[in-house]
Every structure is written in structure tokens, then in C-alpha cells.
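Enquirer: Dropping in model.pdb, with PDB, C-alpha atoms.
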ATOM      1  CA  MET A  60      37.295  33.409 -80.090
ATOM      2  CA  ARG A  61      37.631  36.360 -77.713
ATOM      3  CA  PHE A  62      34.819  38.061 -79.639
ATOM      4  CA  GLN A  63      32.649  34.923 -79.390
ATOM      5  CA  ASN A  64      33.321  34.661 -75.649
ATOM      6  CA  ALA A  65      32.346  38.294 -75.256
ATOM      7  CA  VAL A  66      29.153  37.653 -77.171
ATOM      8  CA  ARG A  67      28.411  34.624 -75.004
ATOM      9  CA  GLN A  68      29.058  36.658 -71.852
ATOM     10  CA  ALA A  69      26.881  39.495 -73.081
ATOM     11  CA  GLY A  70      24.134  37.014 -73.925
ATOM     12  CA  LEU A  71      24.423  35.544 -70.439
ATOM     13  CA  VAL A  72      24.090  38.990 -68.860
ATOM     14  CA  VAL A  73      20.989  39.719 -70.949
ATOM     15  CA  ALA A  74      19.481  36.354 -70.023
ATOM     16  CA  VAL A  75      20.145  36.909 -66.326
ATOM     17  CA  ALA A  76      18.670  40.403 -66.571
ATOM     18  CA  ALA A  77      15.602  39.013 -68.324
ATOM     19  CA  LEU A  78      15.156  36.410 -65.606
ATOM     20  CA  ALA A  79      15.455  39.111 -62.966
ATOM     21  CA  VAL A  80      12.801  41.210 -64.663
ATOM     22  CA  THR A  81      10.532  38.179 -65.010
ATOM     23  CA  ALA A  82      11.056  37.281 -61.365
ATOM     24  CA  GLY A  83      10.331  40.864 -60.378
ATOM     25  CA  CYS A  84       7.092  40.833 -62.347
ATOM     26  CA  ALA A  85       6.070  37.532 -60.833
ATOM     27  CA  LYS A  86       6.746  38.862 -57.374
ATOM     28  CA  LYS A  87       4.636  41.945 -58.066
ATOM     29  CA  ASP A  88       1.757  39.817 -59.330
ATOM     30  CA  ASP A  89       1.980  37.573 -56.277
ATOM     31  CA  SER A  90       1.827  40.601 -53.975
ATOM     32  CA  GLU A  91      -1.579  41.474 -55.400
ATOM     33  CA  VAL A  92      -3.077  38.205 -54.168
ATOM     34  CA  GLN A  93      -3.619  37.498 -50.505
ATOM     35  CA  ALA A  94      -5.350  34.801 -48.520
ATOM     36  CA  SER A  95      -6.988  32.109 -50.634
ATOM     37  CA  GLY A  96      -6.659  33.974 -53.903
ATOM     38  CA  VAL A  97      -8.441  37.181 -52.867
ATOM     39  CA  LYS A  98      -7.050  40.123 -54.837
ATOM     40  CA  LEU A  99      -6.175  43.232 -52.821
ATOM     41  CA  VAL A 100      -5.092  46.664 -54.025
ATOM     42  CA  GLN A 101      -2.374  46.771 -51.340
ATOM     43  CA  ALA A 102      -0.435  43.734 -50.223
ATOM     44  CA  GLY A 103      -1.199  42.772 -46.643
ATOM     45  CA  LYS A 104      -4.115  45.201 -46.309
ATOM     46  CA  LEU A 105      -7.869  45.175 -46.805
ATOM     47  CA  THR A 106      -8.435  48.718 -48.071
ATOM     48  CA  VAL A 107     -11.948  49.948 -47.284
ATOM     49  CA  CYS A 108     -13.530  53.182 -48.516
ATOM     50  CA  THR A 109     -15.994  55.045 -46.319
ATOM     51  CA  HIS A 110     -17.331  58.560 -45.803
ATOM     52  CA  LEU A 111     -16.878  60.226 -42.411
ATOM     53  CA  PRO A 112     -18.518  61.016 -40.168
ATOM     54  CA  TYR A 113     -21.450  58.612 -40.069
ATOM     55  CA  PRO A 114     -21.764  57.350 -36.501
ATOM     56  CA  PRO A 115     -22.500  54.764 -35.237
ATOM     57  CA  PHE A 116     -21.331  53.041 -38.419
ATOM     58  CA  GLN A 117     -18.029  54.846 -38.856
ATOM     59  CA  SER A 118     -16.489  57.894 -37.195
ATOM     60  CA  LYS A 119     -13.279  58.981 -35.471
ATOM     61  CA  ASP A 120     -12.903  58.582 -31.730
ATOM     62  CA  ALA A 121     -11.054  61.001 -29.439
ATOM     63  CA  SER A 122      -7.698  59.558 -30.532
ATOM     64  CA  GLY A 123      -8.492  59.951 -34.225
ATOM     65  CA  THR A 124      -9.015  56.238 -34.816
ATOM     66  CA  VAL A 125     -11.901  55.313 -37.105
ATOM     67  CA  THR A 126     -14.350  53.090 -35.234
ATOM     68  CA  GLY A 127     -17.936  51.938 -35.560
ATOM     69  CA  PHE A 128     -20.308  49.138 -36.451
ATOM     70  CA  ASP A 129     -19.172  48.788 -40.075
ATOM     71  CA  VAL A 130     -15.530  49.010 -39.050
ATOM     72  CA  GLU A 131     -15.779  46.121 -36.600
ATOM     73  CA  ILE A 132     -17.647  43.920 -39.070
ATOM     74  CA  MET A 133     -15.020  44.543 -41.748
ATOM     75  CA  ASP A 134     -12.311  43.813 -39.172
ATOM     76  CA  LEU A 135     -13.742  40.283 -39.051
ATOM     77  CA  VAL A 136     -13.293  40.004 -42.826
ATOM     78  CA  ALA A 137      -9.719  41.279 -42.613
ATOM     79  CA  LYS A 138      -8.965  38.820 -39.816
ATOM     80  CA  ASP A 139     -10.225  35.904 -41.910
ATOM     81  CA  LEU A 140      -7.963  37.070 -44.739
ATOM     82  CA  GLY A 141      -4.989  37.344 -42.403
ATOM     83  CA  VAL A 142      -4.487  41.056 -43.111
ATOM     84  CA  ALA A 143      -5.213  44.389 -41.425
ATOM     85  CA  GLN A 144      -8.017  46.748 -42.410
ATOM     86  CA  THR A 145      -7.009  50.210 -43.587
ATOM     87  CA  ILE A 146      -9.704  52.856 -44.084
ATOM     88  CA  ILE A 147      -9.868  55.632 -46.674
ATOM     89  CA  ASP A 148     -12.209  58.575 -46.051
ATOM     90  CA  THR A 149     -13.606  59.697 -49.388
ATOM     91  CA  PRO A 150     -16.669  61.621 -50.662
ATOM     92  CA  PHE A 151     -19.776  59.436 -50.713
ATOM     93  CA  GLU A 152     -20.459  60.213 -54.373
ATOM     94  CA  GLY A 153     -17.307  58.325 -55.373
ATOM     95  CA  ILE A 154     -18.453  55.327 -53.341
ATOM     96  CA  LYS A 155     -22.056  55.405 -54.533
ATOM     97  CA  SER A 156     -21.050  55.698 -58.204
ATOM     98  CA  GLY A 157     -18.660  52.739 -57.985
ATOM     99  CA  GLN A 158     -15.767  54.937 -59.124
ATOM    100  CA  ASP A 159     -13.608  54.340 -56.054
ATOM    101  CA  LEU A 160     -13.913  50.576 -56.499
ATOM    102  CA  ASN A 161     -13.457  50.596 -60.279
ATOM    103  CA  THR A 162     -10.302  52.732 -60.123
ATOM    104  CA  GLY A 163      -8.684  50.529 -57.481
ATOM    105  CA  LYS A 164      -8.844  53.107 -54.716
ATOM    106  CA  CYS A 165     -10.172  50.453 -52.371
ATOM    107  CA  ASP A 166     -11.063  46.763 -52.225
ATOM    108  CA  ALA A 167     -14.463  47.273 -50.646
ATOM    109  CA  ALA A 168     -16.802  50.004 -49.484
ATOM    110  CA  ALA A 169     -18.399  50.062 -46.029
ATOM    111  CA  ALA A 170     -20.355  53.262 -45.560
ATOM    112  CA  GLY A 171     -23.769  52.526 -44.077
ATOM    113  CA  MET A 172     -24.843  52.136 -47.693
ATOM    114  CA  THR A 173     -28.303  51.012 -48.735
ATOM    115  CA  ILE A 174     -28.546  48.352 -51.413
ATOM    116  CA  THR A 175     -30.492  49.794 -54.352
ATOM    117  CA  ALA A 176     -31.143  48.607 -57.905
ATOM    118  CA  GLU A 177     -29.349  51.670 -59.256
ATOM    119  CA  ARG A 178     -26.221  51.034 -57.191
ATOM    120  CA  GLN A 179     -26.236  47.339 -58.089
ATOM    121  CA  LYS A 180     -25.637  48.387 -61.689
ATOM    122  CA  VAL A 181     -22.185  49.749 -60.806
ATOM    123  CA  MET A 182     -21.048  47.529 -57.910
ATOM    124  CA  ASN A 183     -21.666  44.141 -56.348
ATOM    125  CA  PHE A 184     -23.178  44.015 -52.865
ATOM    126  CA  SER A 185     -22.751  41.563 -50.052
ATOM    127  CA  ASP A 186     -25.665  39.923 -48.313
ATOM    128  CA  PRO A 187     -27.640  42.539 -46.330
ATOM    129  CA  TYR A 188     -26.180  43.158 -42.872
ATOM    130  CA  PHE A 189     -28.457  45.859 -41.432
ATOM    131  CA  ASP A 190     -32.130  46.862 -41.745
ATOM    132  CA  ALA A 191     -32.444  50.643 -42.014
ATOM    133  CA  THR A 192     -35.238  53.188 -41.605
ATOM    134  CA  GLN A 193     -35.351  56.875 -42.500
ATOM    135  CA  ALA A 194     -36.263  59.413 -39.804
ATOM    136  CA  MET A 195     -36.819  63.135 -39.310
ATOM    137  CA  LEU A 196     -34.874  65.096 -36.685
ATOM    138  CA  VAL A 197     -36.113  68.393 -35.230
ATOM    139  CA  LYS A 198     -35.288  70.572 -32.248
ATOM    140  CA  THR A 199     -37.067  69.645 -29.042
ATOM    141  CA  GLY A 200     -40.314  71.551 -28.682
ATOM    142  CA  LYS A 201     -40.978  71.935 -32.396
ATOM    143  CA  ALA A 202     -44.513  70.941 -33.392
ATOM    144  CA  TYR A 203     -43.490  69.118 -36.570
ATOM    145  CA  LYS A 204     -44.729  65.516 -36.604
ATOM    146  CA  SER A 205     -44.718  64.695 -40.319
ATOM    147  CA  LEU A 206     -43.650  66.010 -43.692
ATOM    148  CA  ASP A 207     -47.082  67.602 -44.020
ATOM    149  CA  ASP A 208     -46.153  69.982 -41.205
ATOM    150  CA  LEU A 209     -43.121  71.236 -43.122
ATOM    151  CA  ARG A 210     -44.801  72.859 -46.102
ATOM    152  CA  GLY A 211     -42.786  75.901 -47.123
ATOM    153  CA  LYS A 212     -40.048  75.010 -44.609
ATOM    154  CA  LYS A 213     -36.392  74.169 -45.200
ATOM    155  CA  VAL A 214     -35.564  70.499 -44.718
ATOM    156  CA  GLY A 215     -31.996  69.225 -44.622
ATOM    157  CA  VAL A 216     -30.857  66.131 -46.500
ATOM    158  CA  GLN A 217     -27.459  64.556 -47.116
ATOM    159  CA  ALA A 218     -26.289  64.541 -50.727
ATOM    160  CA  ALA A 219     -26.247  61.239 -52.638
ATOM    161  CA  THR A 220     -28.168  59.354 -49.930
ATOM    162  CA  THR A 221     -31.427  57.419 -49.957
ATOM    163  CA  GLY A 222     -32.721  59.880 -47.360
ATOM    164  CA  ARG A 223     -32.355  62.612 -49.944
ATOM    165  CA  ASP A 224     -34.061  60.422 -52.544
ATOM    166  CA  TYR A 225     -36.960  59.760 -50.171
ATOM    167  CA  ALA A 226     -37.451  63.459 -49.449
ATOM    168  CA  LYS A 227     -37.247  64.264 -53.170
ATOM    169  CA  LYS A 228     -40.308  62.087 -53.804
ATOM    170  CA  PHE A 229     -42.394  64.405 -51.621
ATOM    171  CA  GLU A 230     -40.671  67.705 -52.361
ATOM    172  CA  ALA A 231     -43.365  69.058 -54.686
ATOM    173  CA  GLU A 232     -46.343  67.319 -53.077
ATOM    174  CA  LYS A 233     -45.524  68.524 -49.552
ATOM    175  CA  GLY A 234     -44.063  71.866 -50.590
ATOM    176  CA  LEU A 235     -40.671  71.131 -49.035
ATOM    177  CA  LYS A 236     -37.626  73.343 -49.522
ATOM    178  CA  LEU A 237     -34.816  70.822 -49.559
ATOM    179  CA  VAL A 238     -31.308  71.908 -48.617
ATOM    180  CA  GLU A 239     -28.502  69.457 -49.447
ATOM    181  CA  PHE A 240     -25.401  69.004 -47.298
ATOM    182  CA  GLU A 241     -22.207  67.202 -48.232
ATOM    183  CA  ASP A 242     -21.983  65.201 -45.017
ATOM    184  CA  LEU A 243     -23.909  64.245 -41.904
ATOM    185  CA  ALA A 244     -22.054  66.642 -39.607
ATOM    186  CA  ALA A 245     -23.073  69.641 -41.723
ATOM    187  CA  GLU A 246     -26.681  68.431 -41.814
ATOM    188  CA  GLN A 247     -26.753  68.043 -38.029
ATOM    189  CA  GLN A 248     -25.263  71.496 -37.542
ATOM    190  CA  ALA A 249     -27.905  72.990 -39.823
ATOM    191  CA  VAL A 250     -30.673  71.701 -37.534
ATOM    192  CA  ALA A 251     -28.818  72.907 -34.460
ATOM    193  CA  ASN A 252     -28.331  76.482 -35.725
ATOM    194  CA  GLY A 253     -31.787  76.802 -37.265
ATOM    195  CA  GLN A 254     -30.624  76.841 -40.857
ATOM    196  CA  VAL A 255     -33.245  74.150 -41.510
ATOM    197  CA  GLU A 256     -36.359  73.234 -39.530
ATOM    198  CA  ALA A 257     -35.859  69.485 -39.849
ATOM    199  CA  ALA A 258     -33.483  66.969 -41.381
ATOM    200  CA  ILE A 259     -33.929  63.506 -42.849
ATOM    201  CA  ASN A 260     -31.400  60.701 -42.564
ATOM    202  CA  ASP A 261     -31.121  57.131 -41.293
ATOM    203  CA  LEU A 262     -32.660  56.495 -37.880
ATOM    204  CA  PRO A 263     -29.496  54.986 -36.298
ATOM    205  CA  VAL A 264     -27.436  58.116 -36.976
ATOM    206  CA  TRP A 265     -30.108  60.299 -35.334
ATOM    207  CA  SER A 266     -30.302  57.913 -32.379
ATOM    208  CA  GLU A 267     -26.550  58.251 -31.933
ATOM    209  CA  TYR A 268     -26.818  62.039 -32.218
ATOM    210  CA  LEU A 269     -29.494  62.117 -29.498
ATOM    211  CA  LYS A 270     -27.209  60.148 -27.155
ATOM    212  CA  LYS A 271     -24.494  62.778 -27.540
ATOM    213  CA  ASN A 272     -26.891  65.749 -27.450
ATOM    214  CA  PRO A 273     -29.549  64.816 -24.882
ATOM    215  CA  GLY A 274     -32.548  67.081 -24.495
ATOM    216  CA  GLY A 275     -31.966  69.355 -27.446
ATOM    217  CA  PHE A 276     -33.404  67.292 -30.277
ATOM    218  CA  GLN A 277     -35.966  64.624 -31.010
ATOM    219  CA  VAL A 278     -36.923  62.194 -33.733
ATOM    220  CA  ALA A 279     -40.298  63.529 -34.822
ATOM    221  CA  ALA A 280     -41.152  60.874 -37.402
ATOM    222  CA  GLU A 281     -39.901  57.580 -38.804
ATOM    223  CA  PHE A 282     -40.348  56.392 -42.381
ATOM    224  CA  ASP A 283     -40.231  52.641 -42.958
ATOM    225  CA  THR A 284     -38.563  52.468 -46.361
ATOM    226  CA  GLY A 285     -37.567  48.800 -46.181
ATOM    227  CA  GLU A 286     -33.902  49.587 -46.773
ATOM    228  CA  GLN A 287     -31.004  47.229 -46.093
ATOM    229  CA  TYR A 288     -27.301  48.020 -45.923
ATOM    230  CA  GLY A 289     -24.642  46.065 -47.782
ATOM    231  CA  PHE A 290     -20.877  46.131 -48.206
ATOM    232  CA  SER A 291     -19.768  46.474 -51.815
ATOM    233  CA  VAL A 292     -16.934  45.429 -54.115
ATOM    234  CA  LYS A 293     -16.017  46.215 -57.719
ATOM    235  CA  LYS A 294     -18.699  45.214 -60.221
ATOM    236  CA  ASP A 295     -17.921  41.641 -61.346
ATOM    237  CA  GLY A 296     -14.306  42.292 -60.399
ATOM    238  CA  ASN A 297     -13.661  40.574 -57.079
ATOM    239  CA  PRO A 298     -15.968  37.589 -56.499
ATOM    240  CA  GLU A 299     -13.482  35.973 -54.115
ATOM    241  CA  LEU A 300     -13.583  38.958 -51.761
ATOM    242  CA  LEU A 301     -17.381  39.154 -51.944
ATOM    243  CA  LYS A 302     -17.540  35.484 -50.985
ATOM    244  CA  LYS A 303     -15.230  36.114 -48.012
ATOM    245  CA  ILE A 304     -17.373  39.040 -46.822
ATOM    246  CA  ASN A 305     -20.533  36.933 -46.977
ATOM    247  CA  GLU A 306     -18.810  34.065 -45.184
ATOM    248  CA  ALA A 307     -17.623  36.420 -42.431
ATOM    249  CA  LEU A 308     -21.153  37.837 -42.022
ATOM    250  CA  ALA A 309     -22.698  34.373 -41.809
ATOM    251  CA  LYS A 310     -20.065  33.212 -39.328
ATOM    252  CA  ALA A 311     -20.524  36.336 -37.161
ATOM    253  CA  LYS A 312     -24.281  35.831 -37.003
ATOM    254  CA  GLN A 313     -23.824  32.172 -36.136
ATOM    255  CA  ASP A 314     -21.187  32.545 -33.404
ATOM    256  CA  GLY A 315     -22.790  35.587 -31.740
ATOM    257  CA  SER A 316     -20.105  38.141 -32.583
ATOM    258  CA  TYR A 317     -22.550  40.034 -34.841
ATOM    259  CA  ASP A 318     -24.980  40.481 -31.928
ATOM    260  CA  THR A 319     -22.141  41.653 -29.687
ATOM    261  CA  ILE A 320     -21.053  44.284 -32.206
ATOM    262  CA  TYR A 321     -24.683  45.287 -32.857
ATOM    263  CA  GLU A 322     -25.420  45.856 -29.164
ATOM    264  CA  LYS A 323     -22.186  47.811 -28.712
ATOM    265  CA  TRP A 324     -22.937  50.297 -31.487
ATOM    266  CA  ILE A 325     -26.681  50.176 -32.134
ATOM    267  CA  GLY A 326     -28.391  48.690 -29.088
ATOM    268  CA  LYS A 327     -30.322  45.525 -28.481
ATOM    269  CA  ARG A 328     -30.933  43.728 -31.731
ATOM    270  CA  PRO A 329     -34.635  43.429 -32.722
ATOM    271  CA  SER A 330     -36.106  39.941 -32.599
ATOM    272  CA  ALA A 331     -36.222  38.220 -35.976
TER     273      ALA A 331
END
For this file, write the structure as C-alpha cells.
Expert:
Amino acid sequence: MRFQNAVRQAGLVVAVAALAVTAGCAKKDDSEVQASGVKLVQAGKLTVCTHLPYPPFQSKDASGTVTGFDVEIMDLVAKDLGVAQTIIDTPFEGIKSGQDLNTGKCDAAAAGMTITAERQKVMNFSDPYFDATQAMLVKTGKAYKSLDDLRGKKVGVQAATTGRDYAKKFEAEKGLKLVEFEDLAAEQQAVANGQVEAAINDLPVWSEYLKKNPGGFQVAAEFDTGEQYGFSVKKDGNPELLKKINEALAKAKQDGSYDTIYEKWIGKRPSA
């Protein structure tokens, strides 16, 4: 009888332990779901990947806080989810390839990223939230007005960007000597120190650069490439979050908060 009681007690301990493990697992699973069934990689946080610096869309202010147009739009998404946004600075290649989303490094990517057919193969994009144009920056006083004027000259581009892709199309035809830089800051510095004669990137980032460096540089040419930015999520992996992002964008455009954020970071919004 004593042996049977011991067996019963041991069985009870095992059962309790099993229930505890099951409860623990259930709790872990629950922690991965936040706000209306949207799955998040970290409980209580909307984790967003970006690549710094890329003002006015995302960059660090004097206190080290990441701010910008994209940041404030994604804050609206986080607010609707009832969580806080946390930002991870990561190389753009990992964002563009979809790797950072597929490996669970972040829930979404917000990096002034153009929606392209190639990128849509590896990630899902939100509705477009910004119309972009490529542009060419040169030092003030330079006579360059187009790519034709840069034959045999070094032209800076940012790696893995659509600006680089645009310049590549004309590299042979125009006789350009393209020099790739890992980030925007390095590309800007290359123009400033004469390492390259011109640089191609999105117009808004050059406009922001001109505000902070008045008189020394100018946008010599604009290239209307018909690009639009989108936020992205894991390919076919988080439809609930994508829906929330689109809902937040639509709401912001309807209630005027989108225009407020646009004017703060970009300037007066063009008429539709």
C-alpha cells in the first residue's frame, strides 16, 4: 500500500509538472500575439528594422533618439496596436533581401524603401505612403546639369538602392564611373571632399542635406522614376500586421495627421 501511495504521489507530481510545462508553453505562445491577433517578435513591442542615417525619413537627433517621417508614421501603427515602437538599425541589404523579416529580426521594415517587383518577391508591402524621385547632388558652382555632363567622372551611389539601379542603367551609355557607398552619410561625404563629382539618391534626402549645409551644394538634376515607398512585412507571414499598417495609413490621411507629419519632415504636401 505504501508503495502504491508513493506511486500515486509520484504520478501526481509528474502530472502537476506536465501541467506547469503546458501552462508555460501556452503563456509563451500568448506573449507572441498582441492587439487583435497581430503576431510580434517581442511582446509589447512593434520591432521595426531600418538603416541609418536616412534623413528626413529616419535618423538620430542630438539626444541619440531615432526620429523622422517613417518613424512617426510607424508610431501611429504601434499606437493602434497598444504597444511601443522599437527600432533596429541594420544594413539595408538585409532589409531589401527580406532576410531580416524572414529570420524574425523585426516585425516590419521602414527604411524609405521603394516598392519594386523584385522586392515584392521576398516581402509584402503596405499601400504606398510616399512618392519618390531620384536626384543628382553636386557642389555649388559645378557645371554639371545632367548625366551627360559626367562622362568619365566618378558618381556616387548608395549600395542596394534604386538610385544605384537607376545609375547602373546609364553607366555604359553615359560613360559613368560609379562608386558605391554603404550608407547615405558616406555618399554625402564623398561629394563634400571631392571623392566623387556628383551623387545620386532620393530627392528628399538631398533636400534635407541642403537645409543643413546651405550654400555648399545644389541639386543639379531630378529624375522622375515614378517610385513609391512602402513599409514591408514578412512574405505571406503577417497579414494581420500588414492590414493594421494599411489601416493606420488610411486613417492618418483621413484625419490629417499624415499631412501634419509630412509638412514637419518633408514640407508642404503636393496637391493630389
Enquirer: Quick one: pull the distance between atom CA of A:Ala191 and atom CA of A:Lys228, Å, one decimal.
Expert: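 Distance reported for this atom pair: 18.2 Å.
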Enquirer: Which is closer to A:Glu256 than all the others in A:Gly211, A:Gly234, A:Gly285, A:Gly123, using all atoms listed in the file?
Expert: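 Looking only at the distances to A:Glu256, the closest residue turns out to be A:Gly211.
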Enquirer: Name the residues in contact with stretch 288-295 of chain A at a cut-off of 7 Å, using all atoms listed in the file, excluding same-chain residues fewer than 4 positions from it; report them as JSON, numbers by chain.
Expert: {"A": [160, 161, 166, 167, 168, 169, 171, 172, 173, 174, 181, 182, 183, 184, 185, 186, 187, 188, 189, 190, 191, 301]}
Enquirer: Calculate how many Å separate atom CA of A:Val264 from atom CA of A:Lys323, rounding to one decimal.
Expert: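 Atom CA of A:Val264 sits 14.2 Å away from atom CA of A:Lys323.
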Enquirer: Quick one: of A:Asn260, A:Ser156, A:Thr106, A:Gln101, who's nearest to A:Gln179, counting all atoms listed in the file?
Expert: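 Counting all atoms listed in the file, the residue closest to A:Gln179 is A:Ser156.
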Enquirer: Can you translate the PyMOL selection byres ((chain A and resi 257) around 8) into the concrete residues it hits in this file, as a PDB file with C-alpha atoms, in the frame of the given file?
Expert:
ATOM      1  CA  MET A 195     -36.819  63.135 -39.310  1.00  0.00           C
ATOM      2  CA  LEU A 196     -34.874  65.096 -36.685  1.00  0.00           C
ATOM      3  CA  VAL A 197     -36.113  68.393 -35.230  1.00  0.00           C
ATOM      4  CA  LYS A 198     -35.288  70.572 -32.248  1.00  0.00           C
ATOM      5  CA  LYS A 213     -36.392  74.169 -45.200  1.00  0.00           C
ATOM      6  CA  VAL A 214     -35.564  70.499 -44.718  1.00  0.00           C
ATOM      7  CA  GLY A 215     -31.996  69.225 -44.622  1.00  0.00           C
ATOM      8  CA  VAL A 250     -30.673  71.701 -37.534  1.00  0.00           C
ATOM      9  CA  VAL A 255     -33.245  74.150 -41.510  1.00  0.00           C
ATOM     10  CA  GLU A 256     -36.359  73.234 -39.530  1.00  0.00           C
ATOM     11  CA  ALA A 258     -33.483  66.969 -41.381  1.00  0.00           C
ATOM     12  CA  ILE A 259     -33.929  63.506 -42.849  1.00  0.00           C
TER      13      ILE A 259
END
Enquirer: Please enumerate the residues selected by the PyMOL selection byres ((chain A and resi 151) around 10) when evaluated against the supplied file, formatted as a short mmCIF file (atom, residue, chain, number, x, y, z; two decimals) with C-alpha atoms, in the coordinates of the input.
Expert:
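Heads up, here's the output in selection-v9.cif:
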data_model
loop_
_atom_site.label_atom_id
_atom_site.label_comp_id
_atom_site.auth_asym_id
_atom_site.auth_seq_id
_atom_site.Cartn_x
_atom_site.Cartn_y
_atom_site.Cartn_z
CA CYS A 108 -13.53 53.18 -48.52
CA THR A 109 -15.99 55.04 -46.32
CA HIS A 110 -17.33 58.56 -45.80
CA LEU A 111 -16.88 60.23 -42.41
CA ASP A 148 -12.21 58.58 -46.05
CA THR A 149 -13.61 59.70 -49.39
CA PRO A 150 -16.67 61.62 -50.66
CA GLU A 152 -20.46 60.21 -54.37
CA GLY A 153 -17.31 58.32 -55.37
CA ILE A 154 -18.45 55.33 -53.34
CA LYS A 155 -22.06 55.40 -54.53
CA SER A 156 -21.05 55.70 -58.20
CA GLY A 157 -18.66 52.74 -57.98
CA ASP A 159 -13.61 54.34 -56.05
CA ALA A 168 -16.80 50.00 -49.48
CA ALA A 170 -20.36 53.26 -45.56
CA MET A 172 -24.84 52.14 -47.69
CA GLN A 217 -27.46 64.56 -47.12
CA ALA A 218 -26.29 64.54 -50.73
CA ALA A 219 -26.25 61.24 -52.64
CA THR A 220 -28.17 59.35 -49.93
CA GLU A 241 -22.21 67.20 -48.23
CA ASP A 242 -21.98 65.20 -45.02
#
Enquirer: May I have the residues at most 10 Å from (-48.9, 63.5, -44.3) in the file's coordinates, counting only C-alpha atoms, as a PyMOL selection string?
Expert: chain A and resi 204-209+229+232-233
